[in-house]
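Everything on this sheet refers to the single structure shown next.
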Amino acid sequence: MVERWAAYRAPAFWKRVNKLGPTDCWDWTGLVQKSPKNAIGYGALGFEGRVQRAHRIAWLLTNGPIPPYMMILHHCDNT
């Protein structure tokens, strides 16, 4: 499923990422999903029939499926 989605939607996903330098944080410029727990909000996009956070989709596109024991975190804590 990731491969099919990636071929179709990956270019649109990466257009919403402001890629700075290789060691800088990359800012999400697309939809920000806010929740009662987090007033700041996280980048989000529809994927596999539900809304998922952008940093998780970025992992999927660059590394493949996320192992069930792994937590995907922001390297620079920039939501």
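Chains: A, B, ... in order of the structure tokens. Residues: from 1 per chain. Ligands: from 1, in order shown.
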
(message) I need the strand (DSSP E or B) residues of segment 26-74 of chain A per DSSP on the backbone, written as a PyMOL selection string.
(response) chain A and resi 27-28+32-35+38-47+50-53

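For His74 of chain A, the non-local neighbours within 10 Å, defined as residues at least 2 positions apart in the same chain or in other chains and counting only C-alpha atoms, are Cys25, Trp26, His55, Arg56, Met71, Ile72, Cys76, Asp77, Asn78 and Thr79 of chain A.
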
Q.
Need the shell around Asp24 of chain A: protein/DNA/RNA residues with any atom at most 10 Å away, counting only C-alpha atoms. Skip same-chain ones fewer than 4 positions apart. Format as a ChimeraX atom specification?
A. /A:19-20,75-76

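Interatomic distance, atom CA of Ala12 of chain A against atom CA of Leu45 of chain A: 10.4 Å.
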
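Pairwise distance (atom CA of Leu31 of chain A, atom CA of Lys15 of chain A) equals 12.2 Å.
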
Name the residues in contact with Ala54 of chain A at a cut-off of 12 Å, using only C-alpha atoms, excluding same-chain residues fewer than 2 positions from it; report them as a PDB file with N, CA and C atoms, in the first residue's frame.
ATOM      1  N   ALA A  10       3.402  11.050  -3.148  1.00  0.00           N
ATOM      2  CA  ALA A  10       4.667  11.523  -2.582  1.00  0.00           C
ATOM      3  C   ALA A  10       5.067  12.904  -3.095  1.00  0.00           C
ATOM      4  N   PHE A  13       3.135  15.386  -1.229  1.00  0.00           N
ATOM      5  CA  PHE A  13       3.577  15.433   0.170  1.00  0.00           C
ATOM      6  C   PHE A  13       4.828  16.291   0.300  1.00  0.00           C
ATOM      7  N   TRP A  14       5.853  16.018  -0.521  1.00  0.00           N
ATOM      8  CA  TRP A  14       7.128  16.724  -0.394  1.00  0.00           C
ATOM      9  C   TRP A  14       7.019  18.197  -0.779  1.00  0.00           C
ATOM     10  N   ARG A  16       4.863  20.064   0.366  1.00  0.00           N
ATOM     11  CA  ARG A  16       4.414  20.700   1.607  1.00  0.00           C
ATOM     12  C   ARG A  16       5.501  20.703   2.680  1.00  0.00           C
ATOM     13  N   VAL A  17       6.709  20.335   2.302  1.00  0.00           N
ATOM     14  CA  VAL A  17       7.832  20.330   3.237  1.00  0.00           C
ATOM     15  C   VAL A  17       8.829  21.388   2.806  1.00  0.00           C
ATOM     16  N   TRP A  26      13.094  20.582   8.962  1.00  0.00           N
ATOM     17  CA  TRP A  26      12.278  20.782   7.775  1.00  0.00           C
ATOM     18  C   TRP A  26      10.876  21.119   8.250  1.00  0.00           C
ATOM     19  N   ASP A  27      10.351  22.253   7.832  1.00  0.00           N
ATOM     20  CA  ASP A  27       9.043  22.707   8.276  1.00  0.00           C
ATOM     21  C   ASP A  27       7.934  22.178   7.368  1.00  0.00           C
ATOM     22  N   TRP A  28       6.855  21.735   7.999  1.00  0.00           N
ATOM     23  CA  TRP A  28       5.661  21.298   7.280  1.00  0.00           C
ATOM     24  C   TRP A  28       4.816  22.528   6.972  1.00  0.00           C
ATOM     25  N   THR A  29       4.427  22.708   5.719  1.00  0.00           N
ATOM     26  CA  THR A  29       3.646  23.874   5.321  1.00  0.00           C
ATOM     27  C   THR A  29       2.203  23.517   4.975  1.00  0.00           C
ATOM     28  N   GLY A  30       1.835  22.257   5.152  1.00  0.00           N
ATOM     29  CA  GLY A  30       0.477  21.813   4.835  1.00  0.00           C
ATOM     30  C   GLY A  30      -0.444  21.895   6.046  1.00  0.00           C
ATOM     31  N   LEU A  31      -1.467  21.066   6.036  1.00  0.00           N
ATOM     32  CA  LEU A  31      -2.477  21.021   7.084  1.00  0.00           C
ATOM     33  C   LEU A  31      -1.852  20.753   8.446  1.00  0.00           C
ATOM     34  N   VAL A  32      -2.311  21.490   9.456  1.00  0.00           N
ATOM     35  CA  VAL A  32      -1.881  21.262  10.834  1.00  0.00           C
ATOM     36  C   VAL A  32      -3.103  20.800  11.610  1.00  0.00           C
ATOM     37  N   GLN A  33      -2.980  19.623  12.204  1.00  0.00           N
ATOM     38  CA  GLN A  33      -4.074  19.042  12.971  1.00  0.00           C
ATOM     39  C   GLN A  33      -3.873  19.356  14.447  1.00  0.00           C
ATOM     40  N   GLY A  41      -0.349  21.754  17.584  1.00  0.00           N
ATOM     41  CA  GLY A  41      -0.752  20.996  16.410  1.00  0.00           C
ATOM     42  C   GLY A  41       0.428  20.381  15.672  1.00  0.00           C
ATOM     43  N   TYR A  42       0.135  19.352  14.924  1.00  0.00           N
ATOM     44  CA  TYR A  42       1.140  18.628  14.150  1.00  0.00           C
ATOM     45  C   TYR A  42       0.745  18.617  12.680  1.00  0.00           C
ATOM     46  N   GLY A  43       1.745  18.561  11.806  1.00  0.00           N
ATOM     47  CA  GLY A  43       1.480  18.405  10.394  1.00  0.00           C
ATOM     48  C   GLY A  43       0.763  17.088  10.165  1.00  0.00           C
ATOM     49  N   ALA A  44      -0.227  17.077   9.277  1.00  0.00           N
ATOM     50  CA  ALA A  44      -1.022  15.876   9.064  1.00  0.00           C
ATOM     51  C   ALA A  44      -1.457  15.780   7.609  1.00  0.00           C
ATOM     52  N   LEU A  45      -1.746  14.536   7.189  1.00  0.00           N
ATOM     53  CA  LEU A  45      -2.173  14.275   5.824  1.00  0.00           C
ATOM     54  C   LEU A  45      -2.919  12.950   5.805  1.00  0.00           C
ATOM     55  N   GLY A  46      -3.918  12.836   4.927  1.00  0.00           N
ATOM     56  CA  GLY A  46      -4.631  11.573   4.790  1.00  0.00           C
ATOM     57  C   GLY A  46      -3.726  10.497   4.206  1.00  0.00           C
ATOM     58  N   PHE A  47      -3.720   9.341   4.841  1.00  0.00           N
ATOM     59  CA  PHE A  47      -2.877   8.228   4.401  1.00  0.00           C
ATOM     60  C   PHE A  47      -3.495   6.928   4.887  1.00  0.00           C
ATOM     61  N   VAL A  51      -6.212  10.133   8.831  1.00  0.00           N
ATOM     62  CA  VAL A  51      -5.255  11.230   8.923  1.00  0.00           C
ATOM     63  C   VAL A  51      -4.084  10.779   9.787  1.00  0.00           C
ATOM     64  N   GLN A  52      -2.874  10.943   9.257  1.00  0.00           N
ATOM     65  CA  GLN A  52      -1.668  10.581  10.003  1.00  0.00           C
ATOM     66  C   GLN A  52      -0.732  11.776  10.062  1.00  0.00           C
ATOM     67  N   ARG A  56       5.453  10.878  10.428  1.00  0.00           N
ATOM     68  CA  ARG A  56       5.335   9.429  10.240  1.00  0.00           C
ATOM     69  C   ARG A  56       5.263   9.075   8.751  1.00  0.00           C
ATOM     70  N   ILE A  57       4.563   9.903   7.979  1.00  0.00           N
ATOM     71  CA  ILE A  57       4.494   9.663   6.540  1.00  0.00           C
ATOM     72  C   ILE A  57       5.872   9.865   5.912  1.00  0.00           C
ATOM     73  N   ALA A  58       6.607  10.870   6.367  1.00  0.00           N
ATOM     74  CA  ALA A  58       7.969  11.091   5.855  1.00  0.00           C
ATOM     75  C   ALA A  58       8.828   9.857   6.104  1.00  0.00           C
ATOM     76  N   TRP A  59       8.700   9.259   7.281  1.00  0.00           N
ATOM     77  CA  TRP A  59       9.459   8.030   7.576  1.00  0.00           C
ATOM     78  C   TRP A  59       9.059   6.929   6.603  1.00  0.00           C
ATOM     79  N   LEU A  60       7.753   6.731   6.427  1.00  0.00           N
ATOM     80  CA  LEU A  60       7.271   5.679   5.530  1.00  0.00           C
ATOM     81  C   LEU A  60       7.808   5.854   4.114  1.00  0.00           C
ATOM     82  N   LEU A  61       7.814   7.090   3.645  1.00  0.00           N
ATOM     83  CA  LEU A  61       8.272   7.347   2.279  1.00  0.00           C
ATOM     84  C   LEU A  61       9.769   7.133   2.110  1.00  0.00           C
ATOM     85  N   ILE A  72       8.336   7.060  16.171  1.00  0.00           N
ATOM     86  CA  ILE A  72       8.898   8.014  15.223  1.00  0.00           C
ATOM     87  C   ILE A  72       8.770   9.399  15.864  1.00  0.00           C
ATOM     88  N   LEU A  73       9.894  10.016  16.130  1.00  0.00           N
ATOM     89  CA  LEU A  73       9.910  11.301  16.814  1.00  0.00           C
ATOM     90  C   LEU A  73      10.494  12.379  15.906  1.00  0.00           C
ATOM     91  N   HIS A  74      10.226  13.618  16.240  1.00  0.00           N
ATOM     92  CA  HIS A  74      10.809  14.745  15.524  1.00  0.00           C
ATOM     93  C   HIS A  74      12.237  14.907  16.029  1.00  0.00           C
ATOM     94  N   ASN A  78      10.287  20.020  16.448  1.00  0.00           N
ATOM     95  CA  ASN A  78       9.506  21.041  15.767  1.00  0.00           C
ATOM     96  C   ASN A  78       8.243  20.374  15.262  1.00  0.00           C
ATOM     97  N   THR A  79       7.105  20.700  15.852  1.00  0.00           N
ATOM     98  CA  THR A  79       5.866  20.037  15.439  1.00  0.00           C
ATOM     99  C   THR A  79       5.455  20.460  14.042  1.00  0.00           C
TER     100      THR A  79
END
